[in-house]
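Notes to accompany the following structure.
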Amino acid sequence: MKHIAIGGFFHESNSFNPIITGAEDFLIFEGDEIHTQGVNYLQAKGIADFFGDKEDCRLIPLVFARAVPNGLVEEALYLKLKDRFFELLEDQPRPDIFVLALHGSMRVQHIGSAETDLLEAIKARYPDLPIVCGLDMHATVTQKMLQLATAMVGYKTAPHLDAWETGQHAARMAWEILFEQADLRMAAVKIPALIAGEKSETDHPPMKDLIAELHSLEADESIAAASYLLGFPWADAQENGVTALVVSKNEHSQAQEAAQMLADRFIEFKSKFDFSMPAHPSEEALLLALRENLRPIFVSDSGDNPTAGSTGDNTGIISLLSGPLKEKTRGKKILVAGIFDPSAASKCKANLTRKICLKVGGNYDTKYSQPVELTGIPIKMLEEFGPFRSELILFQTAEFYLIITSKHIGFTAVDMFQALQIDYLQTDVIVVKLGYLTEDFKAIAAKSYLALTRGCTDEVLSRLDYTHKYELI
Ligand SMILES: [Zn+2]
C-alpha cells in the first residue's frame, strides 16, 4: 500500500494591489472534504480523482486553500495553513509521496514565494520523499522549486480550462514514480521576460503554436511533461519570468536540449505576442462599444481585473460613464460588472429600493482612482453568492446598472447576472472587470473590446513601476 499525501495552496498574488489577502478571502477545507469541495478546486480534485479508484493507494488529503487572486497573502494566515498541513500528517502513516495542487505565484507578506517555502518545509521533514506539483500557467518558478520538487507540470490553456487535467497529469507522474519506478528529472530554461496576461490566450498564435510544441514533446515516451510557466506579470518579484520546463522519464540525455528548444521557440515568437481582441484606451473602447448596434457588446476593464489580482474597486469606467460620456449612454442599456466595495454594499442593503447617494469604489486603488458619488437605487440584493459567499447588489443609476459585491470576487460567468435576474442578452453594453473573455461570456458576446484602463493589472506593463528588470512584452 502506498500513501499519497495531497494538498495545495492556490493564489495569484498581485504585488501592485495593497489589499492583504486574509482568511475571509480564502476557501479553506481539509481531509475528506476534498471529495465534496473539490469542485471548487479542480486541480486538487484531478489529483484526488486519479487515485480514487486505484488499488494499493491510500490518499492522505491535507489542507486545501484557494482564493481569488488579490494582493499578498497575510503571513499569519499562511503560517497557520502550513502548520495545519503538517498537523494533519501526525496521526497518519508516513506518506510515500507528496502531490500538490499549487498556483506557483502565491506570495506571502515577509516570506515571498509560498510554494518555495512549502516545498522547503516538506523537504526539511521528509528529505527523501518525492514531491510532484501541478501549477498554473502563470507560475513563477524559482530555482529552489526546481531543486526541491521531483516533477512539475503547468496548465496548457488560457483561459484556464485544464486545471482538473493538470491535476491528473501530476498524479500520473506520481503514479509512475511509485508503481513503475520511473526516474523523473526536470530540466528548465528561464527567460527574463513578462507577457501581459491578455497576450497569451492559447486559442491564438503564438501561444497556440507554442502549446502545440509542448504536446508534441509529450508524445515522446521519455518526456513525462513539458510546460511553459509564464510567470505572473503583475508581481514585481525577483525570480519572475518565463520558464520552459521539461520533465524527462528514465532517459535524460535530451531533456536540457528540449527545454532549450522550448525557450528558443518562445524567443523566436516573442514579437508575435499581441492582444487577441481589439484593444483601445478606456474612453475610446467605451465609445466604440456604445456605437455598436449589436448586443451585448463586452468591454473588459482590463486594468482592474480581480481574477488577475487587481483591487476590483477602480472607478475609472464608472467615472467616464457618469461624467464625460453621460450623453452617449442615453437610450442604451449598460451593465457594469462590477465593483468591490463592502461598505457601499452594506449601505445599499440598509436602503434597498430607496433612492440614495452612494460613494463607491476607490478605497483600495487610490493610485489610479478615487471614490465616485452616484445617485441611484439599490434595486436587488442577493446574499451568499458563489463559493466565496459574497453579497451582490444591483444598483441602478440614470446611466447604468452596477453590480456591487461585498467580497473580492471575479466577474466571470453569467450565473451572477442570472442570480440578479438581469436580462443580459438584451443589454447593449456589458462592462466586466476582466481581461480576455471567459468561455461563458464569449458564448454570448456579439463583440468585445479590451479597454486598456489603468490599475493593478495594467495590460501596458511599461506603465507599471517594476523595481526588478524584465523584458516587458
Ligand atoms: Zn493563470
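Going by the C-alpha cells order, chains are called A, B, ..., each with residues numbered from 1, while ligands are numbered from 1 in the order shown.
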Inset, instruction - Residues within 10 Å of ligand 1 should be enumerated using only C-alpha atoms and all ligand atoms and returned as a list in words. - result: His11, Glu12, Pro69, His103, Gly104, Ser105, Leu135, Asp136, Met137, His138, Ala139, Gly154, Tyr155, Lys156, Thr157, Ala158, Pro159, His160, Gly197, Leu229, Leu230, Gly231, Phe232, Thr307 and Ala308 of chain A
Emit the selected residues as an mmCIF file, in the first residue's frame, including C-alpha atoms.
```cif
data_model
loop_
_atom_site.group_PDB
_atom_site.id
_atom_site.type_symbol
_atom_site.label_atom_id
_atom_site.label_comp_id
_atom_site.auth_asym_id
_atom_site.auth_seq_id
_atom_site.Cartn_x
_atom_site.Cartn_y
_atom_site.Cartn_z
ATOM 1 C CA HIS A 11 -3.413 32.099 -5.036
ATOM 2 C CA GLU A 12 -2.042 34.555 -7.571
ATOM 3 C CA PRO A 69 -6.208 36.478 -6.993
ATOM 4 C CA HIS A 103 -0.500 28.003 -8.330
ATOM 5 C CA GLY A 104 3.161 28.955 -8.308
ATOM 6 C CA SER A 105 2.692 32.717 -7.906
ATOM 7 C CA LEU A 135 0.994 24.551 -11.396
ATOM 8 C CA ASP A 136 -0.978 27.352 -13.010
ATOM 9 C CA MET A 137 0.355 28.517 -16.363
ATOM 10 C CA HIS A 138 1.276 31.805 -14.637
ATOM 11 C CA ALA A 139 3.523 30.154 -12.078
ATOM 12 C CA GLY A 154 1.587 23.536 -15.691
ATOM 13 C CA TYR A 155 -1.766 24.270 -17.280
ATOM 14 C CA LYS A 156 -1.727 24.337 -21.058
ATOM 15 C CA THR A 157 -4.790 26.510 -21.627
ATOM 16 C CA ALA A 158 -5.545 30.205 -21.103
ATOM 17 C CA PRO A 159 -8.344 30.900 -20.222
ATOM 18 C CA HIS A 160 -7.581 28.012 -17.860
ATOM 19 C CA GLY A 197 -1.775 38.399 -19.424
ATOM 20 C CA LEU A 229 5.250 28.607 -16.977
ATOM 21 C CA LEU A 230 4.838 32.229 -17.925
ATOM 22 C CA GLY A 231 5.397 33.884 -14.565
ATOM 23 C CA PHE A 232 2.917 36.406 -13.236
ATOM 24 C CA THR A 307 -9.150 37.443 -11.499
ATOM 25 C CA ALA A 308 -5.564 38.620 -12.032
#
```
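Every residue of segment 4-59 of chain A found in strand (DSSP E or B) when DSSP is run on the backbone appears here: Ile4, Ala5, Ile6, Gly7, Gly8, Phe9, Phe10, Ser13, Thr21, Phe26, Leu27, Ile28, Phe29, Glu30, Cys57, Arg58 and Leu59 of chain A.
Among the candidates A:Tyr364, A:Phe417, A:Phe298, A:Tyr401, the residue lying nearest to Gly435 of chain A is A:Phe298 (atoms considered: only C-alpha atoms).
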Legend entry - Residue contacts of Asn351 of chain A (9 Å, only C-alpha atoms) excluding same-chain residues fewer than 4 positions away, as JSON, numbers by chain: {"A": [346, 347, 355, 356, 377, 378]}
Legend entry - From A:Ala451, A:Ile47, A:Leu72, A:Cys456, residue lying nearest Ala174 of chain A [only C-alpha atoms]: A:Ile47
